[in-house]
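Presented below is the structure to which this report refers.
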Amino acid sequence: MTLDYLSIISDESSGILSAYELDRRAAVPWSDRWSVGTVARHVAATHHVVAEVVSGRPDADFGLFAQLAQPEKDSAEFVDWSRSGTAALLEQLSNVPANDECWSWYEPGRSVGWWARRMALEAVVHRLDADVALGRELSVASDVAADGIDEYLDVFVAASRAANDAPAGPTVSFECSDRSDRWWLDLSSRGERTVRREPRDASVRIGGTAAQLLWIVWGRVAASDAAGVELSGDAGVFERWSELVPPM
């Protein structure tokens with residue numbers, strides 16, 4: 001899937017800042033600690049650090065967070081500081097070849113291009129967090145949402161299961177109702193995952209729009225609570241999803 005990740009980073013980051021300026025104290029419903037302000041500060045800090053990670057490649061890493069000077073909470077300087085971080089990130093991603101080696105917390109993702117995708121989809125999910133906090137409808141282009149599902153099942157499920165030696169589980173199929181994308185996630189080996197796009201037997205099936213499935217895999221809503229989502233087979237697997245795919 002080919003998307004303009006830099007434009008996504010720019011647009012979604014602007015959306016997060018707009019939400020911040022509207023009501024930074026609005027609570028994010030999936031957390032008892034996060035607000036729109038928390039979301040905005042998290043994204044801004046990450047942009048500053050990843051810009052430095054790319055600039056200092058291949059050895060610069062997230063240890064840079066310890067050196068990051070941030071505006072005080074609710075500071076009037078925050079919006080400009082956030083914009084400068086996004087601008088620095090976009091400058092690095094625009095000018096450095098995508099296949100250049102770069103540190104990543106995910107070993108197969110040690111390239112600048114991996115970070116472009118990661119930062120784009122990170123901004124998408126957190127802009128959705130901010131929108132939901134403000135009572136807005138879930139809104140994301142289906143191709144972007146599908147790419148987010150693909151990244152989550154490939155990268156985050158692999159990293160989470162390996163780090164936590166997660167137990168074996170079933171094969172789950174994820175099927176988009178608004179586009180042709182489908183994934184088969186095989187959890188049969190402890191601590192591992194296999195993702196395929198070709199049909200195979202699955203003991204659990206979940207179907208919904210790409211936006212709905214993105215929201216579910218990211219743990220923002222339970223599959224059983226998502227209106228219009230279809231579950232079949234051993235749907236109880238989603239009751240122990242956090243055991244099979246522990247939060248990172």
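Identifiers in the structure tokens: chain A, B, ... in order shown; residue index from 1 per chain; ligand index from 1 in order shown.
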### Contact residues around A:Asn164 with only C-alpha atoms at 8 Å, ignoring same-chain residues under 2 positions, as a ChimeraX atom specification
/A:160-162,166,191,246
#### Entry: Nearby residues (only C-alpha atoms) at most 10 Å from A:Arg117, same-chain spacing under 5 positions excluded, as an NGL selection string
:A and (3-6 or 8-9 or 112 or 122-123 or 147-148 or 151)
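Among A:Gln67, A:Ser7, A:Thr209, A:Ser242, the residue with the shortest atom-to-atom distance to A:Ala222, counting only C-alpha atoms, is A:Ser242.
Interatomic distance, atom CA of A:Arg200 to atom CA of A:Val172: 9.8 Å.
Of the residues in stretch 110-175 of chain A, those given strand (DSSP E or B) by DSSP on the backbone are Ser111, Thr171, Val172, Ser173, Phe174 and Glu175 of chain A.
If you measure from each of A:Ala133, A:Leu244, A:Val221, A:Ala88 to A:Ser188 using only C-alpha atoms, the closest one turns out to be A:Leu244.
If you look at atom CA of A:Ser203 and atom CA of A:Ile149, they are 19.5 Å away from each other.
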### Query
Nearest to A:Glu175: which of A:Ala210, A:Val157, A:Ala87, A:Ala202 is it, counting only C-alpha atoms?
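The shortest atom-to-atom distance to A:Glu175 comes from A:Ala210.
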#### Entry: Contacts of A:Val28 at 9 Å (only C-alpha atoms; same-chain gap of 5+ positions) as JSON, numbers by chain
{"A": [33, 34, 35, 36, 39, 129, 130, 131, 132, 133, 134]}
### Query
Looking at A:Val237, A:His48, A:Gly208, A:Leu214, which one is nearest to A:Leu187, with distances taken over only C-alpha atoms?
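Smallest distance to A:Leu187 is found for A:Val237.
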### Summary
With distances taken over only C-alpha atoms, the candidate from A:Tyr152, A:Arg110, A:Trp241, A:Trp215 nearest A:Ala168 is A:Trp241
### Message
If you run DSSP on the backbone here, which positions in stretch 32-167 of chain A get alpha helix (DSSP H)? Please write them as an MDAnalysis selection string.
### Response
chainID A and resid 36:55 78:95 112:133 142:151 157:164
### Task
Record the distance separating atom CA of A:Glu101 and atom CA of A:Met248, expressed in Å with one decimal.
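So the two atoms, atom CA of A:Glu101 and atom CA of A:Met248, lie 24.2 Å apart.
With distances restricted to only C-alpha atoms, A:Ser55 is the closest residue to A:Val96 from A:Ser55, A:Gln70, A:Ser180, A:Ser75.
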